[in-house]
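To start, the structure under review is shown below, and the notes come after it.
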Amino acid sequence: MTMNSELSAVLAHVDDNLDEGLERLKALLRIKSISTDPAYAPECRRAANWLSEQLQDLGFEAAPRQTPGHPVVVAHSPDQVGPHVLFYAHYDVQPVDPLSQWHSDPFEPVVQTDAKGNRIIIARGASDDKGQMMTFIEACRAWKTVTGTLPVRVSMLLEGEEESGGPSLPDFLTTHRDELSAADIALVCDTRMWDAATPSVITMLRGLVAEEIEITCARKDLHSGMFGNAARNPNQILAQIIASLRTADGSVAIPDFYDDVAEISPELKAQWAGLGFDEGAFLGTAGLSVPAGETGRTILETLWARPTCEINGMTGGYTGDGFKTVIPATACAKISFRLVSNMDPEKIRQAFRRHVEAQLPPDCTIRFTGHGGSPAITVPSDGAALQKAISALTEEWGKRAVITGSGGSIPVVGEFKRVLDLDTFLIGFARIDNKVHSPNEKYDVESFYKGTRSWVRILAALAD
C-alpha cells in the first residue's frame, strides 16, 4: 500500500471505532489520579499502570518509571526507523472541589448533548489532559491496527505531577537524557484550538523571572505621630520603586531591558491581524475596556511577543480591620517578568536589581529573593516539520491552521529545550469553554474524534 492509501485506511478505522475509543477514555477518566493530594497516590499509580498496559498491548516497550513523586510512564515503539517524535502529556488531574457544583460524579464520565447540539463528555480530566492525551494514543492504535506499524518512531513521556508543579520531571529528564534526547522533535497535546473550527500550533512561549524584594528602614515599626517626616517610610520607597518600573507609554523602564528583544516578522504580524481577535471582548471578560500595554501595539502582540513587568503582590504596615498609625519597618513586593525570545533570565534579574538598588536612599537596605527563571521558547515558523504539521491540520479541519503564541510559560517545554535540546510543537484540541480546573469540566466528542484523526495525519506527514 502507498502512504496515501494507508492513511485513508487508518482514518476510516478511526471513523468506525470512535465508540470503542470513547470507552477507553472513560476507563481512564474513572481513575482518580489527583496528584496534589497524597491520599490519591495509589490512584496515580493505577493510572500509570493502566496507560503502560494499553501501550504494551500496542507493541510499545512501556513501563512506569519511579520518581520521588508519582510515576512517569515512558514508552518507545521498537524497531522503527525514520523521524523520531517524543510525545508528552499528563495523566494527573486537579482536585474536584467544590463538589457541590458538579452536576454528576466527577469520576463517572457522562456523554451528553449540550445546548448547542454538541456531544460532550463530562468528567474531571476530560479536557486537561486525559482526553487530549488519548487522541494521540488512539491515533497510534489506529496505525498499528491497520498497518501493524507506525509511520515514524514514537516515544511517549506521560507525567503524573503536572498539576502539582512537576517537581520530579527536571531531574528525571536529566537522568534519562540519553534515552529521551534521541528524538527529533517533541509534541505536546495540552492546549486549545484558536476557535472551535480553527486548529493552531503554539510556537512561542514566554519565559519567566520572579523576584521578591524586602525593603527595611527602621529597626522596628514606628509611631507615625512621633516619627512621621523624620523617619524613612519603606512603603513610600517601595511605591516609588514600583512606579519607576513603567513609563507613561506602557513600556518597561528598566535600563537595558529591551536590548535582546526582536520584532516579529511582518508575515506573522499579518497572520495575527487576520485572526479576528476581538480586543474589546477580550478585555470585557475581565471588566476592562482600555489596553494598558505598550502604546501602538495590538493586544495579541503584547501578550505573545512582548516582555512584561507585573507587580503580583505588595505588603507593608498594618493591613487589618480599622486603622493603626504606624510607619512599618519593612515593605515587600513580588514582581514577575515574562520574557520573549533571546532574553536571558539572569541578565533581566540583574538589570532589575541594579535599577532598584540605584533608587535606595540612605538608611534603607534591601533583600532580594529569586523565585526561579526560565527562558522563552520559540520554534522557527518556517521549519519543515512545522509546515508539515500545519498542512496536516489544515487538511483535517478544512481551515488553515494558524501559528499562535502563548502569554504564559509551560515549564516542561523549557525543560525539553534546556535538557534534551528539543523544539516542541504544542498542538491541542480543547476549546475555550471546556471549564478546565472547574466543576463540570468537559471535552467535545468532536475534539476527541477529529483530534485523533489530526494526529493520524500529522504522523503520516512527518514521515514524508
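Ligands are numbered from 1 in the order shown, chains are lettered A, B, ... in the order of the C-alpha cells, and residues start at 1 in each chain.
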Extract, using only C-alpha atoms, all DNA, RNA and protein residues at most 9 Å from His76 (chain A), discarding same-chain residues fewer than 2 positions from it, and format them as a list in words.
-> Gly59, Phe60, Glu61, Ala62, Val74, Pro78, Arg153, Val154, Ser155 and Met156 of chain A
List every residue of region 215-450 of chain A that DSSP, applied to the backbone of this structure, assigns to strand (DSSP E or B), and report them as an MDAnalysis selection string.
-> chainID A and resid 215:216 222:223 246 252 310:316 326:327 330:339 365:374 377:378 402:406 424:426 430 442:444
With C-alpha atoms retained, write the just-selected residues as a compact mmCIF listing (two decimals), in the first residue's frame.
```
# COMPACT_ATOMS: atom_id res chain seq x y z
CA ILE A 215 12.94 46.99 51.96
CA THR A 216 13.92 47.71 55.55
CA LEU A 222 7.37 53.42 64.50
CA HIS A 223 4.56 55.66 65.75
CA ARG A 246 6.93 51.54 33.75
CA VAL A 252 9.18 48.78 30.93
CA GLU A 310 3.93 42.89 36.65
CA ILE A 311 3.52 43.56 40.36
CA ASN A 312 1.94 40.42 41.80
CA GLY A 313 1.74 41.38 45.44
CA MET A 314 2.59 44.15 47.95
CA THR A 315 2.64 44.14 51.75
CA GLY A 316 3.79 46.62 54.37
CA VAL A 326 2.33 53.10 62.11
CA ILE A 327 5.42 53.57 59.96
CA THR A 330 9.67 46.73 56.23
CA ALA A 331 7.74 46.67 52.98
CA CYS A 332 7.67 43.82 50.46
CA ALA A 333 6.67 43.22 46.85
CA LYS A 334 6.54 40.25 44.49
CA ILE A 335 7.36 41.16 40.90
CA SER A 336 7.46 38.95 37.82
CA PHE A 337 8.76 39.39 34.29
CA ARG A 338 7.52 37.45 31.27
CA LEU A 339 10.32 37.14 28.73
CA THR A 365 18.54 48.18 52.96
CA ILE A 366 17.07 45.68 50.56
CA ARG A 367 16.90 41.90 50.39
CA PHE A 368 16.26 40.15 47.07
CA THR A 369 14.84 36.64 46.83
CA GLY A 370 14.75 34.99 43.43
CA HIS A 371 11.95 32.56 42.66
CA GLY A 372 13.26 30.84 39.58
CA GLY A 373 13.77 31.83 35.99
CA SER A 374 13.24 30.23 32.60
CA ILE A 377 10.79 29.25 23.78
CA THR A 378 10.33 29.99 20.07
CA VAL A 402 -2.67 29.14 12.44
CA ILE A 403 0.59 29.75 14.29
CA THR A 404 -0.06 31.34 17.66
CA GLY A 405 1.80 32.24 20.81
CA SER A 406 1.06 31.90 24.49
CA THR A 424 8.33 21.49 20.81
CA PHE A 425 5.07 21.85 18.87
CA LEU A 426 2.07 22.48 21.12
CA ALA A 430 -9.50 21.76 23.67
CA LYS A 442 -15.90 18.72 29.55
CA TYR A 443 -14.31 17.67 26.28
CA ASP A 444 -16.18 17.81 22.99
```
Quick one: of A:Asp421, A:Asp16, A:Glu6, A:Asp37, who's nearest to Val379 (chain A), counting only C-alpha atoms?
->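 Distance minimum relative to Val379 (chain A) lands on A:Asp421.
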Just the residues within 10 Å of Val436 (chain A), please, counting only C-alpha atoms, with nothing from its chain fewer than 4 positions along; format it as a list in words.
-> Val93, Gln94, Arg124, Gly125, Ala126, Ser127, Asp128, Asp129, Ala430, Arg431, Ile432, Asn440, Glu441, Lys442 and Tyr443 of chain A
Find the spatial neighbours of Glu138 (chain A), counting only C-alpha atoms, within a cut-off of 12 Å - ignore same-chain residues fewer than 3 positions away - and output them as JSON, numbers by chain.
-> {"A": [10, 11, 13, 14, 15, 17, 18, 19, 20, 21, 22, 23, 24, 25, 51, 54, 55, 58, 130, 131, 132, 133, 134, 135, 141, 142, 143, 144, 145, 448, 449, 450, 451, 452, 453, 454, 455, 456]}
Filtered DSSP result for region 97-307 of chain A, state alpha helix (DSSP H), as an MDAnalysis selection string | chainID A and resid 130:147 169:175 177:180 224:227 234:243 266:273 279:284 299:304
